[in-house]
>>> print(open('model.txt').read())   # compact mmCIF, C-alpha atoms and all ligand atoms
# COMPACT_ATOMS: atom_id res chain seq x y z
CA MET M 5 -275.85 97.40 -25.52
CA LYS M 6 -274.77 94.29 -27.45
CA LYS M 7 -275.94 96.03 -30.61
CA ILE M 8 -273.86 99.11 -29.81
CA LEU M 9 -270.81 96.97 -29.08
CA MET M 10 -271.30 95.08 -32.32
CA LEU M 11 -271.63 98.33 -34.28
CA THR M 12 -268.52 99.76 -32.66
CA LEU M 13 -266.59 96.61 -33.54
CA ILE M 14 -267.78 96.73 -37.15
CA VAL M 15 -266.84 100.42 -37.48
CA ALA M 16 -263.44 99.74 -35.90
CA LEU M 17 -262.90 96.86 -38.30
CA MET M 18 -263.87 99.01 -41.29
CA VAL M 19 -261.56 101.82 -40.17
CA THR M 20 -258.72 99.33 -39.69
CA MET M 21 -259.33 97.81 -43.13
CA LEU M 22 -259.53 101.24 -44.66
CA PHE M 23 -256.27 102.16 -42.96
CA ILE M 24 -254.59 98.92 -44.04
CA GLY M 25 -255.90 99.46 -47.54
CA THR M 26 -254.63 103.02 -47.67
CA SER M 27 -251.27 102.16 -46.26
CA CYS M 28 -250.95 99.29 -48.75
CA LYS M 29 -251.82 101.66 -51.51
CA GLU M 30 -249.27 104.11 -50.16
CA GLU M 31 -246.70 101.38 -49.98
CA LYS M 32 -247.53 100.36 -53.50
CA ALA M 33 -247.32 103.94 -54.65
CA THR M 34 -243.93 104.26 -53.00
CA THR M 35 -242.80 101.03 -54.65
CA GLU M 36 -244.11 102.27 -57.96
CA GLU M 37 -242.27 105.55 -57.54
CA VAL M 38 -239.10 103.62 -56.79
CA THR M 39 -239.66 101.51 -59.88
CA GLU M 40 -240.16 104.64 -61.95
CA GLU M 41 -237.00 106.24 -60.58
CA GLU M 42 -235.12 102.96 -60.67
CA VAL M 43 -231.78 103.22 -62.46
CA THR M 44 -231.62 101.19 -65.62
CA GLU M 45 -229.47 98.08 -65.75
CA GLU M 46 -227.12 99.95 -68.00
CA GLU M 47 -226.76 102.72 -65.45
CA VAL M 48 -226.12 100.20 -62.69
CA ALA M 49 -223.41 98.67 -64.84
CA GLU M 50 -221.92 102.12 -65.51
CA GLU M 51 -221.96 103.04 -61.83
CA THR M 52 -220.26 99.73 -61.06
CA THR M 53 -217.61 100.41 -63.71
CA ALA M 54 -217.08 103.89 -62.34
CA ALA M 55 -216.98 103.02 -58.64
CA GLY M 56 -213.35 103.01 -57.57
CA ALA M 57 -212.25 102.63 -61.20
CA LEU M 58 -208.54 102.99 -61.81
CA ILE M 59 -207.56 106.09 -63.77
CA GLY M 60 -204.01 106.25 -65.12
CA VAL M 61 -202.49 109.74 -65.16
CA THR M 62 -199.13 110.30 -66.86
CA MET M 63 -197.33 113.66 -66.69
CA PRO M 64 -194.15 114.58 -68.60
CA THR M 65 -191.81 115.73 -65.84
CA LYS M 66 -191.56 116.87 -62.25
CA SER M 67 -188.90 119.40 -63.21
CA LEU M 68 -191.43 122.05 -64.22
CA GLN M 69 -193.71 123.40 -61.54
CA ARG M 70 -196.85 123.30 -63.62
CA TRP M 71 -196.90 119.53 -64.17
CA ASN M 72 -196.60 118.92 -60.42
CA GLN M 73 -199.65 121.11 -59.91
CA ASP M 74 -201.52 119.47 -62.78
CA GLY M 75 -200.81 115.98 -61.42
CA ALA M 76 -201.74 116.89 -57.84
CA ASN M 77 -204.95 118.64 -58.92
CA ILE M 78 -206.15 115.78 -61.13
CA LYS M 79 -205.35 113.16 -58.49
CA ALA M 80 -207.12 115.06 -55.70
CA GLN M 81 -210.19 115.78 -57.81
CA LEU M 82 -210.48 112.20 -59.09
CA GLU M 83 -210.04 110.74 -55.61
CA ALA M 84 -212.69 113.09 -54.26
CA LYS M 85 -215.08 111.44 -56.73
CA GLY M 86 -214.14 107.97 -55.55
CA TYR M 87 -211.73 106.96 -58.33
CA THR M 88 -208.42 105.24 -57.74
CA VAL M 89 -205.49 107.05 -59.33
CA ASP M 90 -202.10 105.92 -60.59
CA LEU M 91 -200.07 109.12 -61.16
CA GLN M 92 -196.72 108.86 -62.94
CA TYR M 93 -194.02 111.31 -64.03
CA ALA M 94 -191.59 110.31 -66.79
CA GLU M 95 -188.81 112.88 -66.40
CA ASP M 96 -189.17 113.76 -70.06
CA SER M 97 -188.22 110.24 -71.23
CA VAL M 98 -190.56 108.93 -73.92
CA ALA M 99 -189.55 105.30 -73.20
CA THR M 100 -190.39 105.75 -69.52
CA GLN M 101 -193.78 107.25 -70.37
CA VAL M 102 -194.56 104.37 -72.75
CA SER M 103 -193.73 101.79 -70.08
CA GLN M 104 -195.81 103.68 -67.49
CA LEU M 105 -198.77 103.56 -69.88
CA GLU M 106 -198.20 99.84 -70.54
CA ASN M 107 -198.27 99.25 -66.79
CA GLN M 108 -201.50 101.17 -66.38
CA ILE M 109 -203.10 99.13 -69.17
CA THR M 110 -201.99 95.90 -67.43
CA MET M 111 -203.28 97.21 -64.09
CA GLY M 112 -206.76 97.50 -65.65
CA ALA M 113 -207.11 101.28 -65.90
CA LYS M 114 -210.46 102.36 -67.30
CA VAL M 115 -209.31 105.77 -68.55
CA LEU M 116 -205.84 107.14 -69.32
CA ILE M 117 -205.15 110.88 -68.97
CA ILE M 118 -201.91 111.60 -70.81
CA ALA M 119 -199.77 114.74 -70.95
CA SER M 120 -197.38 113.49 -73.60
CA ILE M 121 -193.68 114.20 -73.99
CA ASP M 122 -193.39 113.51 -77.70
CA GLY M 123 -196.85 113.94 -79.15
CA SER M 124 -196.13 111.57 -82.03
CA ALA M 125 -194.56 108.68 -80.13
CA LEU M 126 -197.51 106.98 -78.45
CA GLY M 127 -199.24 105.25 -81.39
CA GLU M 128 -198.35 101.67 -80.41
CA VAL M 129 -199.23 101.92 -76.75
CA LEU M 130 -202.49 103.70 -77.54
CA LYS M 131 -203.36 100.89 -79.92
CA SER M 132 -203.04 98.46 -76.99
CA ALA M 133 -205.21 100.76 -74.87
CA LYS M 134 -207.90 100.83 -77.55
CA GLU M 135 -207.80 97.03 -77.87
CA ALA M 136 -208.26 96.76 -74.11
CA GLY M 137 -211.32 99.05 -74.30
CA ILE M 138 -209.66 101.86 -72.36
CA ALA M 139 -210.74 105.45 -73.02
CA THR M 140 -207.94 107.97 -73.57
CA ILE M 141 -207.69 111.73 -73.00
CA CYS M 142 -204.84 113.99 -74.19
CA TYR M 143 -204.08 116.37 -71.37
CA ASP M 144 -202.81 119.83 -72.38
CA ARG M 145 -200.79 118.46 -75.34
CA LEU M 146 -202.42 116.93 -78.39
CA ILE M 147 -201.30 113.37 -79.20
CA LYS M 148 -200.69 113.06 -82.92
CA GLU M 149 -200.64 110.53 -85.73
CA THR M 150 -203.06 108.07 -84.15
CA ALA M 151 -206.77 107.30 -84.41
CA ASP M 152 -206.66 105.66 -80.98
CA ILE M 153 -207.21 108.75 -78.90
CA ASP M 154 -210.67 109.79 -77.75
CA TYR M 155 -210.60 113.31 -76.31
CA ASN M 156 -208.38 116.30 -75.74
CA VAL M 157 -208.54 118.75 -72.84
CA THR M 158 -206.31 121.80 -73.05
CA PHE M 159 -206.18 125.59 -73.12
CA ASP M 160 -206.73 127.62 -76.25
CA ASN M 161 -203.06 127.39 -77.21
CA PHE M 162 -203.21 129.57 -80.33
CA GLN M 163 -204.81 132.22 -78.13
CA VAL M 164 -201.86 131.93 -75.68
CA GLY M 165 -199.59 133.07 -78.53
CA VAL M 166 -202.04 135.81 -79.54
CA LEU M 167 -202.03 137.16 -75.96
CA GLN M 168 -198.21 137.27 -75.96
CA GLY M 169 -198.13 138.98 -79.36
CA GLU M 170 -200.79 141.50 -78.35
CA TYR M 171 -198.94 142.29 -75.14
CA ILE M 172 -195.83 143.19 -77.17
CA GLU M 173 -197.90 145.14 -79.69
CA THR M 174 -199.48 147.28 -76.95
CA ALA M 175 -196.38 147.68 -74.78
CA LEU M 176 -194.37 149.03 -77.73
CA GLY M 177 -197.21 151.03 -79.28
CA LEU M 178 -196.76 149.23 -82.60
CA LYS M 179 -200.33 149.94 -83.67
CA GLU M 180 -199.62 153.63 -83.17
CA GLY M 181 -196.71 153.36 -85.57
CA ASN M 182 -193.88 153.37 -83.00
CA GLY M 183 -190.64 151.63 -83.92
CA PRO M 184 -188.40 150.18 -85.08
CA PHE M 185 -187.60 147.87 -82.15
CA ASN M 186 -185.19 144.96 -81.85
CA MET M 187 -186.69 141.60 -80.97
CA GLU M 188 -185.56 137.98 -80.60
CA ILE M 189 -187.95 135.05 -80.76
CA PHE M 190 -187.87 131.75 -78.91
CA ALA M 191 -190.18 128.81 -79.57
CA GLY M 192 -190.95 125.70 -77.52
CA SER M 193 -190.09 122.06 -78.01
CA PRO M 194 -190.60 120.86 -81.60
CA ASP M 195 -192.08 117.52 -80.43
CA ASP M 196 -194.86 119.36 -78.57
CA ASN M 197 -197.85 120.31 -80.73
CA ASN M 198 -198.54 123.28 -78.46
CA ALA M 199 -195.20 124.86 -79.37
CA THR M 200 -196.31 125.40 -82.97
CA LEU M 201 -199.66 126.80 -81.85
CA PHE M 202 -197.99 129.31 -79.50
CA TYR M 203 -195.55 130.35 -82.26
CA ASN M 204 -198.30 130.71 -84.87
CA GLY M 205 -200.46 132.68 -82.42
CA GLU M 206 -197.61 135.11 -81.65
CA LEU M 207 -196.79 135.63 -85.31
CA SER M 208 -200.44 136.09 -86.24
CA VAL M 209 -200.08 139.40 -84.38
CA LEU M 210 -196.40 140.26 -84.89
CA GLN M 211 -195.58 139.15 -88.45
CA GLN M 212 -197.08 142.33 -89.94
CA TYR M 213 -194.62 144.45 -87.91
CA ILE M 214 -191.67 142.22 -88.88
CA ASP M 215 -192.72 142.66 -92.50
CA SER M 216 -193.06 146.43 -92.16
CA GLY M 217 -189.65 146.71 -90.45
CA MET M 218 -191.05 148.02 -87.17
CA LEU M 219 -189.83 144.84 -85.49
CA VAL M 220 -186.27 143.99 -86.47
CA ILE M 221 -184.69 140.64 -85.63
CA PRO M 222 -180.94 141.38 -85.46
CA SER M 223 -180.02 137.65 -85.38
CA GLY M 224 -182.17 137.03 -88.46
CA GLN M 225 -183.45 133.86 -86.72
CA THR M 226 -187.18 133.49 -87.09
CA ASP M 227 -188.03 130.11 -88.48
CA PHE M 228 -189.66 127.70 -86.01
CA LEU M 229 -186.98 125.02 -85.90
CA THR M 230 -184.13 127.53 -85.63
CA VAL M 231 -185.71 129.32 -82.66
CA ALA M 232 -187.12 126.16 -81.01
CA THR M 233 -186.06 125.00 -77.53
CA PRO M 234 -185.91 121.18 -77.44
CA GLY M 235 -187.41 119.82 -74.21
CA TRP M 236 -188.44 123.36 -73.19
CA LYS M 237 -185.25 123.48 -71.14
CA ALA M 238 -184.29 126.75 -69.42
CA GLU M 239 -180.59 125.95 -69.84
CA THR M 240 -181.04 125.42 -73.60
CA ALA M 241 -182.78 128.80 -73.88
CA GLN M 242 -180.06 130.38 -71.78
CA ALA M 243 -177.32 128.95 -74.02
CA ARG M 244 -179.05 130.27 -77.14
CA MET M 245 -179.60 133.68 -75.52
CA ASP M 246 -175.89 133.80 -74.53
CA ASN M 247 -175.00 133.28 -78.19
CA LEU M 248 -177.52 135.83 -79.41
CA ILE M 249 -176.14 138.46 -77.04
CA THR M 250 -172.52 137.76 -78.00
CA ALA M 251 -173.25 137.83 -81.72
CA ASN M 252 -175.74 140.70 -81.90
CA TYR M 253 -175.85 142.87 -78.80
CA ALA M 254 -172.30 142.93 -77.35
CA ASP M 255 -171.66 146.17 -79.28
CA GLY M 256 -174.40 147.97 -77.34
CA THR M 257 -177.25 147.30 -79.78
CA VAL M 258 -180.43 147.67 -77.70
CA LEU M 259 -182.55 144.59 -77.25
CA ASP M 260 -186.17 145.71 -76.83
CA VAL M 261 -188.13 142.46 -76.74
CA ILE M 262 -187.63 138.75 -76.17
CA CYS M 263 -190.70 136.84 -77.23
CA CYS M 264 -190.61 133.72 -75.03
CA PRO M 265 -193.33 131.10 -75.37
CA ASN M 266 -193.28 130.01 -71.72
CA ASP M 267 -191.78 130.59 -68.31
CA SER M 268 -188.89 128.11 -68.54
CA THR M 269 -187.58 129.78 -71.72
CA ALA M 270 -188.12 133.19 -70.06
CA ILE M 271 -186.11 132.11 -67.00
CA GLY M 272 -183.27 130.94 -69.28
CA SER M 273 -183.26 134.24 -71.17
CA ILE M 274 -183.31 136.29 -67.95
CA ALA M 275 -180.34 134.31 -66.60
CA ALA M 276 -178.36 135.11 -69.76
CA LEU M 277 -179.22 138.82 -69.44
CA ASP M 278 -178.31 138.87 -65.75
CA ASN M 279 -174.90 137.36 -66.57
CA VAL M 280 -174.03 140.35 -68.72
CA GLY M 281 -175.35 143.06 -66.45
CA TYR M 282 -178.85 143.83 -67.69
CA GLY M 283 -181.21 145.42 -65.17
CA THR M 284 -179.53 148.83 -64.82
CA ALA M 285 -180.69 152.25 -66.00
CA ASP M 286 -178.29 152.01 -68.96
CA LYS M 287 -179.19 148.48 -69.80
CA PRO M 288 -182.81 147.86 -68.76
CA TYR M 289 -184.42 144.47 -69.17
CA PRO M 290 -186.22 144.12 -72.48
CA ILE M 291 -189.91 143.22 -72.61
CA ILE M 292 -190.00 139.49 -71.88
CA THR M 293 -193.11 137.34 -72.31
CA GLY M 294 -193.87 133.98 -70.73
CA GLN M 295 -196.55 131.46 -69.90
CA ASP M 296 -197.62 129.44 -66.83
CA ALA M 297 -197.14 132.10 -64.12
CA ASP M 298 -194.69 129.82 -62.32
CA ILE M 299 -193.47 130.98 -58.91
CA PRO M 300 -189.95 132.12 -59.99
CA ASN M 301 -191.53 133.97 -62.92
CA THR M 302 -194.15 135.63 -60.76
CA ILE M 303 -191.30 136.83 -58.55
CA ALA M 304 -189.44 137.97 -61.70
CA MET M 305 -192.54 139.97 -62.74
CA ILE M 306 -192.76 141.61 -59.32
CA ASP M 307 -189.02 142.43 -59.63
CA GLY M 308 -189.49 143.95 -63.08
CA LYS M 309 -187.43 141.30 -64.89
CA GLN M 310 -190.26 139.57 -66.75
CA SER M 311 -193.09 141.63 -68.21
CA MET M 312 -195.98 139.19 -68.42
CA SER M 313 -196.99 135.58 -68.27
CA VAL M 314 -200.02 133.79 -69.64
CA PHE M 315 -201.78 132.16 -66.70
CA LYS M 316 -203.43 128.83 -67.32
CA ASP M 317 -205.22 127.79 -64.14
CA THR M 318 -204.35 124.12 -63.82
CA ARG M 319 -207.21 123.62 -61.37
CA ILE M 320 -209.69 124.39 -64.15
CA LEU M 321 -207.92 122.11 -66.60
CA ALA M 322 -207.97 119.30 -64.04
CA GLU M 323 -211.70 119.90 -63.43
CA GLN M 324 -212.42 119.52 -67.14
CA ALA M 325 -210.37 116.33 -67.36
CA VAL M 326 -212.26 114.90 -64.39
CA ALA M 327 -215.61 115.92 -65.94
CA MET M 328 -214.59 113.97 -69.06
CA VAL M 329 -213.69 110.89 -67.02
CA ASP M 330 -217.01 111.07 -65.19
CA ALA M 331 -219.00 111.35 -68.41
CA ILE M 332 -217.06 108.51 -70.05
CA LEU M 333 -217.52 106.12 -67.13
CA LYS M 334 -220.93 107.14 -65.80
CA GLY M 335 -222.55 107.85 -69.15
CA GLY M 336 -223.69 111.20 -70.42
CA GLU M 337 -222.30 113.68 -72.85
CA VAL M 338 -218.57 114.23 -72.69
CA PRO M 339 -217.99 118.00 -72.42
CA VAL M 340 -216.25 119.38 -75.52
CA ASN M 341 -216.32 122.88 -77.01
CA ASN M 342 -214.13 122.52 -80.09
CA THR M 343 -214.52 119.94 -82.81
CA THR M 344 -212.64 121.70 -85.59
CA ASP M 345 -209.14 122.81 -84.60
CA TYR M 346 -207.28 119.91 -83.04
CA ASP M 347 -206.42 117.80 -86.05
CA ASN M 348 -203.85 115.21 -85.02
CA GLY M 349 -202.99 114.20 -88.57
CA VAL M 350 -205.38 111.24 -88.54
CA LYS M 351 -208.53 112.66 -86.98
CA ILE M 352 -209.93 115.77 -85.42
CA VAL M 353 -209.85 115.09 -81.72
CA PRO M 354 -212.92 116.43 -79.89
CA SER M 355 -211.52 118.98 -77.47
CA PHE M 356 -212.38 121.13 -74.51
CA LEU M 357 -210.40 124.39 -74.58
CA CYS M 358 -210.05 126.42 -71.38
CA THR M 359 -209.38 130.16 -71.47
CA PRO M 360 -205.90 131.57 -70.74
CA ILE M 361 -205.42 135.04 -69.22
CA VAL M 362 -202.59 137.58 -69.11
CA VAL M 363 -200.92 138.26 -65.75
CA THR M 364 -198.55 141.12 -65.08
CA LYS M 365 -197.18 142.97 -62.08
CA ASP M 366 -200.49 144.88 -62.03
CA ASN M 367 -203.00 142.04 -61.75
CA TYR M 368 -201.06 139.09 -60.32
CA GLU M 369 -202.54 139.63 -56.84
CA GLU M 370 -206.09 139.26 -58.08
CA ALA M 371 -205.32 136.45 -60.54
CA LEU M 372 -202.91 134.39 -58.48
CA ILE M 373 -203.33 135.26 -54.80
CA ASP M 374 -207.01 136.18 -54.41
CA SER M 375 -207.94 133.15 -56.50
CA GLY M 376 -206.06 130.93 -54.04
CA TYR M 377 -203.57 129.69 -56.64
CA TYR M 378 -200.59 130.86 -54.58
CA THR M 379 -200.18 132.10 -51.05
CA VAL M 380 -198.35 135.38 -50.49
CA ASP M 381 -195.56 133.38 -48.78
CA GLN M 382 -194.96 131.32 -51.91
CA ILE M 383 -194.14 134.36 -53.98
CA THR M 384 -192.22 136.23 -51.31
CA LYS M 385 -188.47 135.84 -51.64
C1 LIG M 401 -197.49 123.61 -71.98
C2 LIG M 401 -196.89 124.81 -71.31
C3 LIG M 401 -195.54 124.45 -70.71
C4 LIG M 401 -194.67 123.74 -71.71
C5 LIG M 401 -193.40 123.19 -71.08
C6 LIG M 401 -196.53 123.05 -72.98
O1 LIG M 401 -197.07 121.97 -73.62
O2 LIG M 401 -198.70 123.96 -72.58
O3 LIG M 401 -197.75 125.27 -70.31
O4 LIG M 401 -194.87 125.59 -70.28
O5 LIG M 401 -195.36 122.65 -72.29
O6 LIG M 401 -193.68 122.21 -70.14
>>> encode(input="model.txt", output="structure tokens")
Amino acid sequence: MKKILMLTLIVALMVTMLFIGTSCKEEKATTEEVTEEEVTEEEVAEETTAAGALIGVTMPTKSLQRWNQDGANIKAQLEAKGYTVDLQYAEDSVATQVSQLENQITMGAKVLIIASIDGSALGEVLKSAKEAGIATICYDRLIKETADIDYNVTFDNFQVGVLQGEYIETALGLKEGNGPFNMEIFAGSPDDNNATLFYNGELSVLQQYIDSGMLVIPSGQTDFLTVATPGWKAETAQARMDNLITANYADGTVLDVICCPNDSTAIGSIAALDNVGYGTADKPYPIITGQDADIPNTIAMIDGKQSMSVFKDTRILAEQAVAMVDAILKGGEVPVNNTTDYDNGVKIVPSFLCTPIVVTKDNYEEALIDSGYYTVDQITK
């Protein structure tokens, strides 16, 4: 009996030891796995830098709808990832934007996302940012004449102009040899790099028809600076359109097309046309292009006053900017898809270009409503 008891005890002891041994091994294995998966010191440091890091976001103005959306989208998306955001609007004053950037540098921002007002006026403040080790991203508009800018996130701006030009080409049947038609051209703000890209994109399609005489410009105004709209202001475009009408169309000359680079210049042109009674069977609205698919312009498209707009989904642009911030602060490859075209005069700024699309009366529901960009209420008068 004693023997049996002894044997049982020994077996129990062996089983226990075996169990302890196994569980130790398991524990060790788990520890080893943890060690293998353990984040490197560098990664820990990066995560610490990223956690709650301050990101400075500067937008040009609250007066245009798009920048309000851009700012709100970037802020929401950055905050959702745990960043702290300082979002500023400069009401189109370069001095205000510079002082907002100086503040963000002093506040210890880790990355600055900048939609500039004057693309060539930020050299000094960006130098300070570089010295403070802050990464910088041009948002939508390229910042020029400085080496102290790291990345650029924007839409394919030349393509925006191409889409506007192609719309006019198709709507008039220019390829089929139709014409001649009367056209006036507007360009954007000369201090905004995008304005030149839009203009060049439009003319890459339309210049051939101007040269062949199928597109006639009764005012004779075609050169970029003459047709530019400083500050992209609707009232500036309206004033120029008033003058163009008085000088060239008051005698009943038909105006077939106004090539507008964006929605604020389109709104200005439409206001000038409305003031002199366009929109009747005798005096129909010309083809009018635009960009941004702003709410008043979407309504104008539904009403048949504006023909098209180039839609640039600001949610996607914000997403790309946030992906850049994440990669910069957490390590990893910063997403770029163009390293050739955005030459700022000092360097080629690595860029991510998003894709713009055409919206018209025919597809605005799918592009703007179904996609959740606007609610039906927002575009109902
Ligand atoms: C933007 C356009 C905008 C314009 C005026 C450009 O830089 O790309 O979307 O309409 O500025 O704010």
>>> residues_near_ligand(input="model.txt", ligand="ligand LIG 401 (chain M)", cutoff="7 Å", atoms="all atoms listed in the file", output="JSON, numbers by chain")
{"M": [68, 144, 145, 196, 198, 199, 236, 266, 267, 268, 295, 296]}
>>> residues_near_point(input="model.txt", point="(-187.6, 130.0, -84.9)", cutoff="12 Å", atoms="only C-alpha atoms", output="JSON list (two decimals) with C-alpha atoms, in the frame of the given file")
[["chain", "number", "residue", "atom", "x", "y", "z"],
["M", 188, "GLU", "CA", -185.56, 137.98, -80.60],
["M", 189, "ILE", "CA", -187.95, 135.05, -80.76],
["M", 190, "PHE", "CA", -187.87, 131.75, -78.91],
["M", 191, "ALA", "CA", -190.18, 128.81, -79.57],
["M", 192, "GLY", "CA", -190.95, 125.70, -77.52],
["M", 193, "SER", "CA", -190.09, 122.06, -78.01],
["M", 194, "PRO", "CA", -190.60, 120.86, -81.60],
["M", 199, "ALA", "CA", -195.20, 124.86, -79.37],
["M", 200, "THR", "CA", -196.31, 125.40, -82.97],
["M", 202, "PHE", "CA", -197.99, 129.31, -79.50],
["M", 203, "TYR", "CA", -195.55, 130.35, -82.26],
["M", 204, "ASN", "CA", -198.30, 130.71, -84.87],
["M", 206, "GLU", "CA", -197.61, 135.11, -81.65],
["M", 207, "LEU", "CA", -196.79, 135.63, -85.31],
["M", 221, "ILE", "CA", -184.69, 140.64, -85.63],
["M", 223, "SER", "CA", -180.02, 137.65, -85.38],
["M", 224, "GLY", "CA", -182.17, 137.03, -88.46],
["M", 225, "GLN", "CA", -183.45, 133.86, -86.72],
["M", 226, "THR", "CA", -187.18, 133.49, -87.09],
["M", 227, "ASP", "CA", -188.03, 130.11, -88.48],
["M", 228, "PHE", "CA", -189.66, 127.70, -86.01],
["M", 229, "LEU", "CA", -186.98, 125.02, -85.90],
["M", 230, "THR", "CA", -184.13, 127.53, -85.63],
["M", 231, "VAL", "CA", -185.71, 129.32, -82.66],
["M", 232, "ALA", "CA", -187.12, 126.16, -81.01],
["M", 233, "THR", "CA", -186.06, 125.00, -77.53],
["M", 234, "PRO", "CA", -185.91, 121.18, -77.44],
["M", 244, "ARG", "CA", -179.05, 130.27, -77.14],
["M", 263, "CYS", "CA", -190.70, 136.84, -77.23],
["M", 264, "CYS", "CA", -190.61, 133.72, -75.03],
["M", 265, "PRO", "CA", -193.33, 131.10, -75.37]]
>>> atom_distance(input="model.txt", atom1="CA of Asp195 in chain M", atom2="CA of Thr65 in chain M")
14.7 Å
>>> axis_aligned_box(input="model.txt", around="range 349-362 of chain M", padding_each_side="4 Å", output="JSON")
{"center_x": -207.8, "center_y": 124.4, "center_z": -78.8, "size_x": 18.3, "size_y": 34.3, "size_z": 27.5}
>>> closest_residue(input="model.txt", among="M:Ile153, M:Leu176, M:Ile352, M:Leu116", to="Glu128 in chain M", atoms="only C-alpha atoms")
M:Ile153
>>> closest_residue(input="model.txt", among="M:Gln108, M:Ser97, M:Ser375, M:Gly308", to="Ala125 in chain M", atoms="all atoms listed in the file")
M:Ser97
>>> closest_residue(input="model.txt", among="M:Val363, M:Met63, M:Ala54, M:Ile117", to="Thr88 in chain M", atoms="all atoms listed in the file")
M:Ala54
>>> atom_distance(input="model.txt", atom1="CA of Val157 in chain M", atom2="CA of Ile292 in chain M")
27.8 Å
>>> residues_near_point(input="model.txt", point="(-208.6, 96.8, -76.2)", cutoff="12 Å", atoms="all atoms listed in the file", output="VMD selection string")
chain M and resid 109 to 110 112 to 115 129 to 140 152
>>> decode(input="model.txt", residues="range 123-140 of chain M", atoms="N, CA and C atoms", output="PDB file, in the first residue's frame")
ATOM      1  N   GLY M 123       2.162  81.948 -53.419  1.00  0.00           N
ATOM      2  CA  GLY M 123       3.053  80.793 -53.421  1.00  0.00           C
ATOM      3  C   GLY M 123       4.531  81.138 -53.312  1.00  0.00           C
ATOM      4  N   SER M 124       4.884  82.401 -53.528  1.00  0.00           N
ATOM      5  CA  SER M 124       6.310  82.751 -53.499  1.00  0.00           C
ATOM      6  C   SER M 124       6.693  83.571 -52.280  1.00  0.00           C
ATOM      7  N   ALA M 125       5.794  83.669 -51.309  1.00  0.00           N
ATOM      8  CA  ALA M 125       6.047  84.619 -50.206  1.00  0.00           C
ATOM      9  C   ALA M 125       6.379  83.960 -48.872  1.00  0.00           C
ATOM     10  N   LEU M 126       6.651  82.645 -48.888  1.00  0.00           N
ATOM     11  CA  LEU M 126       6.801  81.975 -47.590  1.00  0.00           C
ATOM     12  C   LEU M 126       8.227  81.500 -47.304  1.00  0.00           C
ATOM     13  N   GLY M 127       9.191  81.934 -48.123  1.00  0.00           N
ATOM     14  CA  GLY M 127      10.568  81.461 -47.996  1.00  0.00           C
ATOM     15  C   GLY M 127      11.142  81.622 -46.592  1.00  0.00           C
ATOM     16  N   GLU M 128      11.005  82.811 -46.009  1.00  0.00           N
ATOM     17  CA  GLU M 128      11.615  83.092 -44.706  1.00  0.00           C
ATOM     18  C   GLU M 128      11.030  82.211 -43.602  1.00  0.00           C
ATOM     19  N   VAL M 129       9.712  82.161 -43.566  1.00  0.00           N
ATOM     20  CA  VAL M 129       9.065  81.413 -42.484  1.00  0.00           C
ATOM     21  C   VAL M 129       9.320  79.901 -42.646  1.00  0.00           C
ATOM     22  N   LEU M 130       9.445  79.453 -43.890  1.00  0.00           N
ATOM     23  CA  LEU M 130       9.731  78.029 -44.092  1.00  0.00           C
ATOM     24  C   LEU M 130      11.166  77.696 -43.692  1.00  0.00           C
ATOM     25  N   LYS M 131      12.040  78.699 -43.827  1.00  0.00           N
ATOM     26  CA  LYS M 131      13.420  78.508 -43.384  1.00  0.00           C
ATOM     27  C   LYS M 131      13.423  78.259 -41.861  1.00  0.00           C
ATOM     28  N   SER M 132      12.648  79.062 -41.134  1.00  0.00           N
ATOM     29  CA  SER M 132      12.553  78.860 -39.676  1.00  0.00           C
ATOM     30  C   SER M 132      11.992  77.486 -39.364  1.00  0.00           C
ATOM     31  N   ALA M 133      10.987  77.060 -40.146  1.00  0.00           N
ATOM     32  CA  ALA M 133      10.388  75.739 -39.903  1.00  0.00           C
ATOM     33  C   ALA M 133      11.435  74.655 -40.087  1.00  0.00           C
ATOM     34  N   LYS M 134      12.206  74.769 -41.163  1.00  0.00           N
ATOM     35  CA  LYS M 134      13.249  73.775 -41.449  1.00  0.00           C
ATOM     36  C   LYS M 134      14.256  73.732 -40.300  1.00  0.00           C
ATOM     37  N   GLU M 135      14.683  74.934 -39.852  1.00  0.00           N
ATOM     38  CA  GLU M 135      15.664  74.993 -38.756  1.00  0.00           C
ATOM     39  C   GLU M 135      15.129  74.345 -37.483  1.00  0.00           C
ATOM     40  N   ALA M 136      13.801  74.428 -37.307  1.00  0.00           N
ATOM     41  CA  ALA M 136      13.194  73.837 -36.109  1.00  0.00           C
ATOM     42  C   ALA M 136      12.882  72.346 -36.315  1.00  0.00           C
ATOM     43  N   GLY M 137      13.254  71.806 -37.480  1.00  0.00           N
ATOM     44  CA  GLY M 137      13.052  70.369 -37.737  1.00  0.00           C
ATOM     45  C   GLY M 137      11.601  70.010 -38.031  1.00  0.00           C
ATOM     46  N   ILE M 138      10.841  70.983 -38.501  1.00  0.00           N
ATOM     47  CA  ILE M 138       9.421  70.723 -38.775  1.00  0.00           C
ATOM     48  C   ILE M 138       9.245  70.322 -40.249  1.00  0.00           C
ATOM     49  N   ALA M 139       8.461  69.266 -40.475  1.00  0.00           N
ATOM     50  CA  ALA M 139       8.193  68.857 -41.863  1.00  0.00           C
ATOM     51  C   ALA M 139       7.082  69.736 -42.438  1.00  0.00           C
ATOM     52  N   THR M 140       7.156  69.978 -43.764  1.00  0.00           N
ATOM     53  CA  THR M 140       6.179  70.887 -44.369  1.00  0.00           C
ATOM     54  C   THR M 140       5.544  70.270 -45.621  1.00  0.00           C
TER      55      THR M 140
END
